[in-house]
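Trainee: Input query.tsv, format and content: TSV, C-alpha atoms and all ligand atoms.
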chain	number	residue	atom	x	y	z
A	1	MET	CA	-28.58	-1.51	-5.63
A	2	LYS	CA	-28.23	1.92	-4.05
A	3	PRO	CA	-27.41	2.85	-0.45
A	4	GLY	CA	-29.98	3.95	2.10
A	5	ALA	CA	-30.57	7.61	2.94
A	6	LEU	CA	-27.41	9.39	4.08
A	7	ASN	CA	-26.46	12.67	5.66
A	8	TYR	CA	-23.45	14.22	3.97
A	9	VAL	CA	-21.09	16.52	5.87
A	10	ARG	CA	-17.91	18.18	4.68
A	11	PRO	CA	-15.79	19.35	7.63
A	12	ASN	CA	-13.23	22.12	7.23
A	13	SER	CA	-10.71	20.80	9.75
A	14	VAL	CA	-9.37	17.58	11.25
A	15	GLN	CA	-10.94	18.53	14.60
A	16	GLU	CA	-14.37	18.99	13.01
A	17	ALA	CA	-14.07	15.63	11.26
A	18	ILE	CA	-13.09	13.87	14.49
A	19	ALA	CA	-15.98	15.52	16.39
A	20	SER	CA	-18.38	14.41	13.64
A	21	LEU	CA	-17.01	10.86	13.77
A	22	GLU	CA	-17.41	10.75	17.56
A	23	GLU	CA	-20.94	12.11	17.37
A	24	GLY	CA	-21.98	9.71	14.60
A	25	GLY	CA	-20.42	6.63	16.25
A	26	MET	CA	-20.98	3.37	14.35
A	27	ASP	CA	-23.26	5.15	11.86
A	28	ALA	CA	-20.61	7.61	10.65
A	29	LYS	CA	-18.13	6.81	7.86
A	30	ILE	CA	-15.33	8.86	6.38
A	31	ILE	CA	-15.41	9.14	2.62
A	32	ALA	CA	-12.25	10.05	0.69
A	33	GLY	CA	-12.25	9.00	-2.99
A	34	GLY	CA	-15.30	6.78	-2.45
A	35	GLN	CA	-13.89	4.11	-4.80
A	36	SER	CA	-14.17	1.33	-2.23
A	37	LEU	CA	-16.73	2.77	0.16
A	38	VAL	CA	-19.42	3.64	-2.40
A	39	PRO	CA	-19.53	0.14	-3.95
A	40	MET	CA	-19.69	-1.32	-0.43
A	41	LEU	CA	-22.58	1.03	0.46
A	42	ASN	CA	-24.35	0.24	-2.82
A	43	LEU	CA	-24.07	-3.48	-2.16
A	44	ARG	CA	-25.20	-2.89	1.47
A	45	MET	CA	-22.05	-4.60	2.71
A	46	VAL	CA	-21.51	-1.45	4.81
A	47	SER	CA	-24.16	0.81	6.25
A	48	ALA	CA	-23.87	4.45	7.25
A	49	GLU	CA	-26.18	7.27	8.19
A	50	ARG	CA	-23.54	9.97	7.95
A	51	LEU	CA	-20.82	10.38	5.34
A	52	ILE	CA	-17.97	12.65	6.38
A	53	ASP	CA	-16.19	13.91	3.26
A	54	ILE	CA	-12.60	14.73	4.19
A	55	GLY	CA	-11.64	16.06	0.76
A	56	GLY	CA	-11.97	19.71	1.83
A	57	ILE	CA	-9.72	19.55	4.88
A	58	PRO	CA	-6.79	21.93	4.34
A	59	GLY	CA	-3.56	20.05	3.60
A	60	PHE	CA	-5.22	16.73	2.78
A	61	ARG	CA	-4.68	17.17	-0.96
A	62	GLU	CA	-1.22	18.66	-0.55
A	63	PHE	CA	2.29	17.30	-0.29
A	64	SER	CA	5.55	18.66	1.07
A	65	ALA	CA	9.13	17.61	0.42
A	66	ASP	CA	12.52	18.20	1.92
A	67	ASP	CA	15.94	16.54	1.55
A	68	ARG	CA	14.95	13.59	3.72
A	69	GLU	CA	11.36	12.74	2.91
A	70	VAL	CA	8.13	13.51	1.11
A	71	ARG	CA	4.87	13.87	3.03
A	72	LEU	CA	1.66	13.06	1.20
A	73	GLY	CA	-1.66	14.35	2.51
A	74	ALA	CA	-4.24	11.59	2.99
A	75	CYS	CA	-6.31	12.62	-0.03
A	76	ILE	CA	-3.55	12.57	-2.66
A	77	THR	CA	-4.93	10.42	-5.48
A	78	HIS	CA	-3.26	7.45	-7.17
A	79	GLU	CA	-3.42	9.46	-10.41
A	80	ARG	CA	-1.38	12.38	-9.06
A	81	ILE	CA	1.31	9.94	-7.92
A	82	GLN	CA	1.25	8.10	-11.24
A	83	ILE	CA	1.74	11.23	-13.37
A	84	GLY	CA	4.45	12.67	-11.12
A	85	GLU	CA	2.41	15.65	-10.00
A	86	VAL	CA	3.65	15.00	-6.47
A	87	THR	CA	7.36	14.77	-5.71
A	88	ASP	CA	8.47	11.15	-5.99
A	89	PRO	CA	10.73	9.97	-3.15
A	90	SER	CA	11.05	6.47	-4.60
A	91	ASN	CA	13.14	6.66	-7.80
A	92	GLY	CA	10.04	5.85	-9.85
A	93	LEU	CA	8.65	2.99	-7.76
A	94	MET	CA	5.52	4.81	-6.56
A	95	PRO	CA	4.45	6.08	-10.02
A	96	LYS	CA	4.96	2.55	-11.36
A	97	VAL	CA	2.84	1.04	-8.59
A	98	ALA	CA	0.13	3.71	-9.01
A	99	SER	CA	-0.09	2.99	-12.73
A	100	ALA	CA	-1.09	-0.62	-12.00
A	101	ILE	CA	-3.86	0.20	-9.52
A	102	ALA	CA	-7.27	-0.54	-11.00
A	103	TYR	CA	-7.99	1.61	-14.06
A	104	GLN	CA	-8.01	5.31	-14.83
A	105	ALA	CA	-11.43	6.19	-13.37
A	106	VAL	CA	-10.52	4.60	-10.02
A	107	ARG	CA	-7.06	6.18	-10.00
A	108	ASN	CA	-8.58	9.62	-10.64
A	109	ARG	CA	-10.50	9.56	-7.36
A	110	GLY	CA	-9.00	6.83	-5.16
A	111	THR	CA	-6.62	8.14	-2.50
A	112	ILE	CA	-3.51	6.74	-0.85
A	113	GLY	CA	-5.02	7.49	2.58
A	114	GLY	CA	-8.26	5.70	1.73
A	115	SER	CA	-6.35	2.69	0.49
A	116	MET	CA	-4.19	2.52	3.63
A	117	ALA	CA	-7.15	3.07	6.00
A	118	LEU	CA	-9.25	0.39	4.36
A	119	ALA	CA	-6.32	-2.06	4.46
A	120	ASP	CA	-7.59	-4.45	1.83
A	121	PRO	CA	-4.76	-7.00	2.09
A	122	SER	CA	-4.30	-6.91	-1.68
A	123	ALA	CA	-3.97	-3.12	-1.86
A	124	ASP	CA	-0.78	-2.03	-3.58
A	125	TRP	CA	0.06	0.86	-1.22
A	126	LEU	CA	0.20	-1.33	1.89
A	127	THR	CA	3.16	-3.28	0.54
A	128	THR	CA	4.76	-0.33	-1.23
A	129	THR	CA	4.77	2.05	1.72
A	130	ALA	CA	5.98	-0.76	4.01
A	131	ALA	CA	8.86	-1.53	1.64
A	132	LEU	CA	9.78	2.15	1.46
A	133	GLY	CA	9.92	2.44	5.26
A	134	ALA	CA	7.10	5.01	5.30
A	135	THR	CA	5.39	6.36	8.40
A	136	VAL	CA	1.61	6.63	8.68
A	137	GLU	CA	0.19	9.59	10.61
A	138	TRP	CA	-3.27	9.86	12.12
A	139	GLU	CA	-5.24	11.97	14.55
A	140	GLY	CA	-8.13	11.18	16.83
A	141	PRO	CA	-9.80	12.12	20.12
A	142	ASP	CA	-6.53	11.21	21.93
A	143	GLY	CA	-4.39	13.46	19.72
A	144	LYS	CA	-1.79	12.77	17.05
A	145	ASN	CA	-0.19	9.39	16.49
A	146	SER	CA	2.05	7.67	13.97
A	147	CYS	CA	3.77	4.36	13.27
A	148	LEU	CA	5.81	2.66	10.58
A	149	SER	CA	3.66	1.50	7.70
A	150	GLU	CA	4.84	-2.09	8.24
A	151	GLU	CA	3.27	-1.95	11.73
A	152	PHE	CA	0.10	-0.11	10.71
A	153	VAL	CA	-1.89	-3.08	9.40
A	154	VAL	CA	-2.87	-5.53	12.11
A	155	ALA	CA	-4.86	-7.94	9.94
A	156	ALA	CA	-7.02	-7.88	6.81
A	157	TYR	CA	-9.13	-4.69	6.89
A	158	THR	CA	-7.82	-3.90	10.37
A	159	THR	CA	-5.32	-1.17	11.21
A	160	GLN	CA	-4.16	0.73	14.25
A	161	LEU	CA	-6.83	3.38	13.55
A	162	GLY	CA	-9.49	3.68	16.25
A	163	MET	CA	-13.15	4.28	15.43
A	164	SER	CA	-12.87	8.08	15.51
A	165	ASP	CA	-9.34	8.36	14.09
A	166	LEU	CA	-8.51	10.02	10.82
A	167	LEU	CA	-5.48	9.08	8.75
A	168	THR	CA	-3.93	12.46	7.97
A	169	GLY	CA	-0.82	11.72	5.91
A	170	ILE	CA	2.06	9.44	5.00
A	171	ARG	CA	5.74	10.32	5.25
A	172	ILE	CA	8.02	8.51	2.84
A	173	PRO	CA	11.80	8.70	3.24
A	174	ARG	CA	13.67	9.45	0.03
A	175	LEU	CA	15.32	6.41	-1.50
A	176	HIS	CA	19.07	6.63	-1.99
A	177	PRO	CA	19.67	7.94	-5.54
A	178	ASP	CA	21.54	4.70	-6.39
A	179	ALA	CA	18.81	2.44	-5.00
A	180	LYS	CA	17.33	-0.06	-7.44
A	181	TRP	CA	13.91	-1.63	-7.09
A	182	GLY	CA	11.74	-4.30	-8.60
A	183	THR	CA	8.02	-4.80	-8.18
A	184	TYR	CA	5.79	-7.54	-9.50
A	185	LYS	CA	2.03	-7.87	-9.13
A	186	LEU	CA	0.28	-11.04	-10.18
A	187	CYS	CA	-3.34	-10.61	-11.25
A	188	ARG	CA	-5.46	-12.25	-13.91
A	189	LYS	CA	-6.17	-9.07	-15.83
A	190	VAL	CA	-4.88	-5.53	-15.76
A	191	GLY	CA	-6.63	-3.38	-13.16
A	192	GLU	CA	-7.46	-6.18	-10.77
A	193	PHE	CA	-6.35	-6.43	-7.19
A	194	ALA	CA	-3.22	-8.55	-6.80
A	195	HIS	CA	-3.37	-12.27	-6.07
A	196	ALA	CA	0.24	-11.88	-4.97
A	197	MET	CA	2.84	-9.16	-5.12
A	198	ALA	CA	6.40	-8.47	-4.05
A	199	ILE	CA	8.73	-5.51	-3.85
A	200	ALA	CA	12.51	-5.71	-3.60
A	201	ILE	CA	14.60	-2.60	-2.98
A	202	ARG	CA	18.40	-2.76	-3.09
A	203	SER	CA	19.93	0.40	-1.76
A	204	PRO	CA	23.45	1.24	-0.50
A	205	SER	CA	21.77	2.16	2.81
A	206	ALA	CA	19.40	-0.84	3.17
A	207	THR	CA	17.91	-3.77	1.32
A	208	ARG	CA	14.19	-4.36	1.77
A	209	ALA	CA	11.92	-7.12	0.52
A	210	PHE	CA	8.19	-7.52	1.16
A	211	LEU	CA	5.40	-9.80	0.03
A	212	GLY	CA	1.92	-8.38	-0.43
A	213	ALA	CA	-1.58	-9.68	-1.07
A	214	THR	CA	-1.02	-12.18	1.74
A	215	GLU	CA	-4.56	-12.09	3.16
A	216	GLY	CA	-3.23	-9.97	6.03
A	217	ALA	CA	-0.43	-7.50	6.67
A	218	PRO	CA	2.46	-7.47	4.17
A	219	VAL	CA	5.21	-9.92	5.12
A	220	ARG	CA	8.75	-8.62	5.54
A	221	LEU	CA	11.43	-11.03	4.27
A	222	LYS	CA	14.44	-10.41	6.51
A	223	HIS	CA	16.44	-13.51	5.50
A	224	THR	CA	15.77	-12.69	1.87
A	225	GLU	CA	16.96	-9.13	2.43
A	226	ASP	CA	20.22	-10.54	3.85
A	227	VAL	CA	20.69	-12.75	0.80
A	228	LEU	CA	19.81	-9.98	-1.66
A	229	SER	CA	22.21	-7.56	-0.02
A	230	THR	CA	25.15	-9.93	-0.70
A	231	LEU	CA	24.42	-10.35	-4.43
A	232	LYS	CA	26.34	-8.19	-6.88
A	233	GLU	CA	24.47	-9.23	-10.02
A	234	TRP	CA	21.61	-11.52	-11.02
A	235	HIS	CA	22.31	-15.12	-11.89
A	236	ALA	CA	19.71	-17.86	-12.48
A	237	ALA	CA	21.28	-19.89	-9.66
A	238	HIS	CA	20.21	-17.21	-7.17
A	239	ALA	CA	16.58	-18.22	-7.62
A	240	SER	CA	16.82	-21.31	-5.44
A	241	VAL	CA	18.65	-19.60	-2.58
A	242	LEU	CA	16.12	-16.74	-2.60
A	243	SER	CA	13.26	-19.26	-2.65
A	244	GLN	CA	14.73	-20.99	0.38
A	245	SER	CA	15.17	-17.72	2.23
A	246	MET	CA	11.56	-16.76	1.40
A	247	ASP	CA	10.37	-20.09	2.80
A	248	SER	CA	12.31	-19.43	6.03
A	249	ASP	CA	10.87	-15.94	6.29
A	250	ILE	CA	7.33	-17.23	5.85
A	251	ALA	CA	7.89	-20.02	8.37
A	252	GLU	CA	9.19	-17.49	10.92
A	253	SER	CA	6.30	-15.11	10.27
A	254	GLY	CA	3.88	-17.77	11.52
A	255	ARG	CA	1.68	-17.16	8.49
A	256	GLU	CA	0.36	-20.05	6.41
A	257	PHE	CA	-0.32	-20.08	2.69
A	258	ASP	CA	-1.46	-22.88	0.41
A	259	ASP	CA	0.88	-24.23	-2.27
A	260	VAL	CA	-0.62	-22.18	-5.06
A	261	HIS	CA	-0.31	-18.95	-3.12
A	262	ILE	CA	3.29	-19.78	-2.19
A	263	TRP	CA	4.06	-20.37	-5.87
A	264	GLN	CA	2.50	-17.01	-6.76
A	265	LEU	CA	4.36	-15.17	-4.01
A	266	ARG	CA	7.65	-16.84	-4.98
A	267	THR	CA	7.16	-15.90	-8.62
A	268	CYS	CA	6.56	-12.28	-7.63
A	269	LEU	CA	9.59	-12.22	-5.35
A	270	LEU	CA	11.95	-13.70	-7.92
A	271	ARG	CA	10.71	-11.39	-10.65
A	272	SER	CA	11.05	-8.36	-8.36
A	273	ALA	CA	14.56	-9.43	-7.41
A	274	GLN	CA	15.54	-9.84	-11.05
A	275	MET	CA	14.10	-6.44	-11.93
A	276	SER	CA	16.13	-4.84	-9.13
A	277	PHE	CA	19.23	-6.03	-11.02
A	278	GLY	CA	17.91	-4.58	-14.27
A	279	VAL	CA	17.06	-8.04	-15.60
A	280	LYS	CA	13.81	-8.52	-17.52
A	281	PRO	CA	11.66	-10.71	-15.28
A	282	VAL	CA	11.21	-14.27	-16.51
A	283	GLU	CA	10.33	-17.43	-14.67
A	284	PRO	CA	13.65	-18.90	-13.50
A	285	GLU	CA	14.20	-22.45	-14.75
A	286	GLY	CA	13.57	-25.35	-12.44
A	287	LEU	CA	10.85	-23.72	-10.28
A	301	LIG	C1	-12.72	-1.85	-9.71
A	301	LIG	C2	-11.71	-1.51	-8.67
A	301	LIG	C3	-10.42	-2.02	-8.78
A	301	LIG	C4	-9.47	-1.71	-7.81
A	301	LIG	N1	-8.20	-2.22	-7.95
A	301	LIG	C5	-7.27	-1.91	-7.05
A	301	LIG	C6	-5.96	-2.40	-7.19
A	301	LIG	O1	-5.60	-3.06	-8.15
A	301	LIG	N2	-5.06	-2.07	-6.22
A	301	LIG	C7	-5.40	-1.29	-5.15
A	301	LIG	O2	-4.53	-1.03	-4.30
A	301	LIG	N3	-6.63	-0.81	-4.99
A	301	LIG	C8	-7.57	-1.10	-5.92
A	301	LIG	N4	-8.84	-0.60	-5.76
A	301	LIG	C9	-9.16	0.20	-4.58
A	301	LIG	C10	-8.90	1.68	-4.85
A	301	LIG	O3	-7.51	1.91	-4.87
A	301	LIG	C11	-9.55	2.55	-3.77
A	301	LIG	O4	-9.55	3.84	-4.24
A	301	LIG	C12	-8.91	2.59	-2.42
A	301	LIG	O5	-8.77	1.35	-1.85
A	301	LIG	C13	-9.76	3.39	-1.43
A	301	LIG	O6	-9.45	4.72	-1.57
A	301	LIG	P1	-10.60	5.81	-1.55
A	301	LIG	O7	-9.93	7.13	-1.43
A	301	LIG	O8	-11.51	5.62	-2.70
A	301	LIG	O9	-11.34	5.49	-0.16
A	301	LIG	P2	-12.88	5.40	0.20
A	301	LIG	O10	-13.55	4.41	-0.67
A	301	LIG	O11	-13.48	6.75	0.27
A	301	LIG	O12	-12.75	4.83	1.69
A	301	LIG	C14	-12.31	3.52	1.93
A	301	LIG	C15	-12.38	3.22	3.43
A	301	LIG	O13	-11.37	3.93	4.12
A	301	LIG	C16	-11.93	4.85	5.05
A	301	LIG	N5	-11.12	6.07	4.92
A	301	LIG	C17	-10.83	6.74	3.78
A	301	LIG	N6	-9.97	7.72	4.01
A	301	LIG	C18	-9.70	7.69	5.34
A	301	LIG	C19	-8.85	8.46	6.18
A	301	LIG	N7	-8.09	9.45	5.73
A	301	LIG	N8	-8.80	8.15	7.50
A	301	LIG	C20	-9.55	7.12	8.01
A	301	LIG	N9	-10.35	6.36	7.24
A	301	LIG	C21	-10.44	6.64	5.93
A	301	LIG	C22	-13.39	5.01	4.66
A	301	LIG	O14	-14.22	5.29	5.77
A	301	LIG	C23	-13.68	3.64	4.07
A	301	LIG	O15	-13.98	2.72	5.10
A	301	LIG	C24	-9.82	-0.88	-6.70
A	301	LIG	C25	-11.11	-0.37	-6.59
A	301	LIG	C26	-12.06	-0.66	-7.56
A	301	LIG	C27	-13.42	-0.08	-7.43
Could I get this structure in the form of structure tokens?
Ligand SMILES: Cc1cc2nc3c(=O)[nH]c(=O)nc-3n(C[C@H](O)[C@H](O)[C@H](O)COP(=O)(O)OP(=O)(O)OC[C@H]3O[C@@H](n4cnc5c(N)ncnc54)[C@H](O)[C@@H]3O)c2cc1C

Mentor:
Amino acid sequence: MKPGALNYVRPNSVQEAIASLEEGGMDAKIIAGGQSLVPMLNLRMVSAERLIDIGGIPGFREFSADDREVRLGACITHERIQIGEVTDPSNGLMPKVASAIAYQAVRNRGTIGGSMALADPSADWLTTTAALGATVEWEGPDGKNSCLSEEFVVAAYTTQLGMSDLLTGIRIPRLHPDAKWGTYKLCRKVGEFAHAMAIAIRSPSATRAFLGATEGAPVRLKHTEDVLSTLKEWHAAHASVLSQSMDSDIAESGREFDDVHIWQLRTCLLRSAQMSFGVKPVEPEGL
């Protein structure tokens, strides 16, 4: 199937894009890489009369870096992150994550801003930017705004963005040079969205652990972070204590998952934790 007739506009500034969004109302949609929007338009799951292509807005394809952080414009593609064309603040975590998003054709055009704005709960960047303590920036009729990535997603496909807001960029603090990370994405075949994922980051400045593909916002595992931060090396016996801490974190989050999903999330967490200690991820015995 193909979409209905569309007007295509390509604004030259954020202000022009916001004005076009306001004017178009419900019938206007931003298009970035088009990798999610175009299939949805083709399948008539989404309708639009006006497509606002933000790819030409100055700065949207650029990045900047200083000693503290790297700022990625909204239209930086997964591919440019994967191949290291943009400065990596994450000791290799972001290129690794990018390399497992979909397949090459999608990575060539899909953007980090489009992925965050869509907020598919299984999207890799939601969990990754949350784990890295990133800040999401946007602009709309009420001016500029920002929040931590872990607060940006409200629910599946729902973010803090208003109808006429435009995600403009993402600021990612540089990981400590000695920080170690592990990431594990469970999917049936390479290039699929995750059924479950986890990221564990052990840094001298902070330990962070998140679950992703949770049918909503990524889940931060604070008890698990406390446990991880006390461990000096990986031992098989740590699996059960981390599993228990994950269960407590999930119980406190108020979120509910079926047994299969819990098993998948636990597997991802334990494998991520092992990787953060430089251990090849294997299923710990007894789970
Ligand atoms: C076959 C396939 C497999 C995939 N597998 C994965 C995967 O494994 N992991 C993963 O994370 N993703 C996956 N994706 C999604 C892919 O990463 C998309 O590129 C991404 O989700 C959307 O980015 P985009 O730039 O293409 O956005 P678009 O498709 O252009 O837009 C997506 C939505 O976000 C809105 N939007 C875009 N940019 C902005 C902005 N700056 N401000 C406000 N709103 C905006 C649009 O209006 C639209 O509603 C897959 C996609 C396909 C087609």

Trainee: Have a look at A:Lys232, A:Arg61, A:Arg50, A:Arg71 and name the one nearest to A:Val136; count all atoms listed in the file.

Mentor: A:Arg71

Trainee: Could you list, as a list of chain:residue names, every residue within 6 Å of stretch 137-153 of chain A, counting only C-alpha atoms and ignoring same-chain residues fewer than 5 positions away?

Mentor: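 Near neighbours after the sequence-gap exclusion: A:Ala130, A:Thr159, A:Gln160, A:Ser164, A:Asp165, A:Leu166, A:Leu167, A:Thr168, A:Gly169, A:Ile170, A:Ala217.
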
Trainee: Emit the selected residues as a short mmCIF file (atom, residue, chain, number, x, y, z; two decimals), in the coordinates of the input, including C-alpha atoms.

Mentor:
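The resulting out.cif:
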data_model
loop_
_atom_site.label_atom_id
_atom_site.label_comp_id
_atom_site.auth_asym_id
_atom_site.auth_seq_id
_atom_site.Cartn_x
_atom_site.Cartn_y
_atom_site.Cartn_z
CA ALA A 130 5.98 -0.76 4.01
CA THR A 159 -5.32 -1.17 11.21
CA GLN A 160 -4.16 0.73 14.25
CA SER A 164 -12.87 8.08 15.51
CA ASP A 165 -9.34 8.36 14.09
CA LEU A 166 -8.51 10.02 10.82
CA LEU A 167 -5.48 9.08 8.75
CA THR A 168 -3.93 12.46 7.97
CA GLY A 169 -0.82 11.72 5.91
CA ILE A 170 2.06 9.44 5.00
CA ALA A 217 -0.43 -7.50 6.67
#

Trainee: Distance cut-off 10 Å, centre (24.2, -7.2, -2.0) in file coordinates, counting all atoms listed in the file: which residues qualify? Return them as a PyMOL selection string.

Mentor: chain A and resi 202-204+206-207+225-233

Trainee: To one decimal in Å, tell me the separation between atom CA of A:Ala119 and atom CA of A:Gly212.

Mentor: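 Atom CA of A:Ala119 sits 11.5 Å away from atom CA of A:Gly212.
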
Trainee: How big is the axis-aligned box around the listed atoms of stretch 40-46 of chain A once 5 Å is added on each side, and where is its centre? Give both in Å to one decimal, as lines of an AutoDock Vina configuration file.

Mentor:
center_x = -22.4
center_y = -1.8
center_z = 1.0
size_x = 15.5
size_y = 15.6
size_z = 17.6

Trainee: Please write out the residues within 6 Å of ligand LIG 301 (chain A) as a list in words, counting all atoms listed in the file.

Mentor: Lys29, Ile30, Ile31, Ala32, Gly33, Gly34, Gln35, Ser36, Leu37, Ala74, Ile101, Ala102, Val106, Gly110, Thr111, Gly113, Gly114, Ser115, Ala117, Leu118, Ala123, Asp124, Trp125, Leu166, Leu167, Thr168, Gly191, Glu192 and Phe193 of chain A

Trainee: Find the distance between atom CA of A:Phe277 and atom CA of A:Thr128 and write it in Å to one decimal.

Mentor: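 Those two atoms sit 18.4 Å apart.
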
Trainee: Need to verify the contact set: A:Thr183, 10 Å, only C-alpha atoms, exclusion of same-chain residues closer than 6 positions in sequence. Can you return it as a PDB file with C-alpha atoms, keeping the file's coordinate frame?

Mentor:
ATOM      1  CA  LEU A  93       8.650   2.990  -7.760  1.00  0.00           C
ATOM      2  CA  LYS A  96       4.960   2.550 -11.360  1.00  0.00           C
ATOM      3  CA  VAL A  97       2.840   1.040  -8.590  1.00  0.00           C
ATOM      4  CA  THR A 128       4.760  -0.330  -1.230  1.00  0.00           C
ATOM      5  CA  MET A 197       2.840  -9.160  -5.120  1.00  0.00           C
ATOM      6  CA  ALA A 198       6.400  -8.470  -4.050  1.00  0.00           C
ATOM      7  CA  ILE A 199       8.730  -5.510  -3.850  1.00  0.00           C
ATOM      8  CA  ALA A 200      12.510  -5.710  -3.600  1.00  0.00           C
ATOM      9  CA  ILE A 201      14.600  -2.600  -2.980  1.00  0.00           C
ATOM     10  CA  ALA A 209      11.920  -7.120   0.520  1.00  0.00           C
ATOM     11  CA  PHE A 210       8.190  -7.520   1.160  1.00  0.00           C
ATOM     12  CA  LEU A 211       5.400  -9.800   0.030  1.00  0.00           C
ATOM     13  CA  CYS A 268       6.560 -12.280  -7.630  1.00  0.00           C
ATOM     14  CA  LEU A 269       9.590 -12.220  -5.350  1.00  0.00           C
ATOM     15  CA  LEU A 270      11.950 -13.700  -7.920  1.00  0.00           C
ATOM     16  CA  ARG A 271      10.710 -11.390 -10.650  1.00  0.00           C
ATOM     17  CA  SER A 272      11.050  -8.360  -8.360  1.00  0.00           C
ATOM     18  CA  ALA A 273      14.560  -9.430  -7.410  1.00  0.00           C
ATOM     19  CA  GLN A 274      15.540  -9.840 -11.050  1.00  0.00           C
ATOM     20  CA  MET A 275      14.100  -6.440 -11.930  1.00  0.00           C
ATOM     21  CA  SER A 276      16.130  -4.840  -9.130  1.00  0.00           C
ATOM     22  CA  PRO A 281      11.660 -10.710 -15.280  1.00  0.00           C
TER      23      PRO A 281
END

Trainee: Between atom CA of A:Trp181 and atom CA of A:Asn91, what distance in Å does the model show, to one decimal?

Mentor: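 Between atom CA of A:Trp181 and atom CA of A:Asn91 the gap is 8.4 Å.
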
Trainee: Between A:Ile54, A:Ala194, A:Ala134, A:Leu41, which one has atoms that come closest to A:Met116, using all atoms listed in the file?

Mentor: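 Among the listed residues, the smallest separation from A:Met116 belongs to A:Ala134.
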
Trainee: Neighbours of stretch 246-248 of chain A within 9 Å (only C-alpha atoms; same-chain residues fewer than 6 positions away dropped), as a list in words?

Mentor: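 The residues that qualify are Leu221, Lys222, His223, Thr224, Ile262, Arg266 and Leu269 of chain A.
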
Trainee: For A:Val86, list every protein, DNA or RNA residue within 10 Å, evaluated using all atoms listed in the file, and leave out those in the same chain fewer than 5 positions away; present the list as a ChimeraX atom specification.

Mentor: /A:62-65,70-72,76-77,79-81,95

Trainee: Which residue gives the smallest distance to A:Ala179 among A:Ser13, A:Glu256, A:Pro89, A:Val154, with all atoms listed in the file counted?

Mentor: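 Looking only at the distances to A:Ala179, the closest residue turns out to be A:Pro89.
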
Trainee: Taking all atoms listed in the file into account, name the residue in A:Ile52, A:Ala98, A:Ala251, A:Ala156 that is nearest to A:Lys185.

Mentor: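 Among A:Ile52, A:Ala98, A:Ala251, A:Ala156, it is A:Ala98 that comes nearest to A:Lys185.
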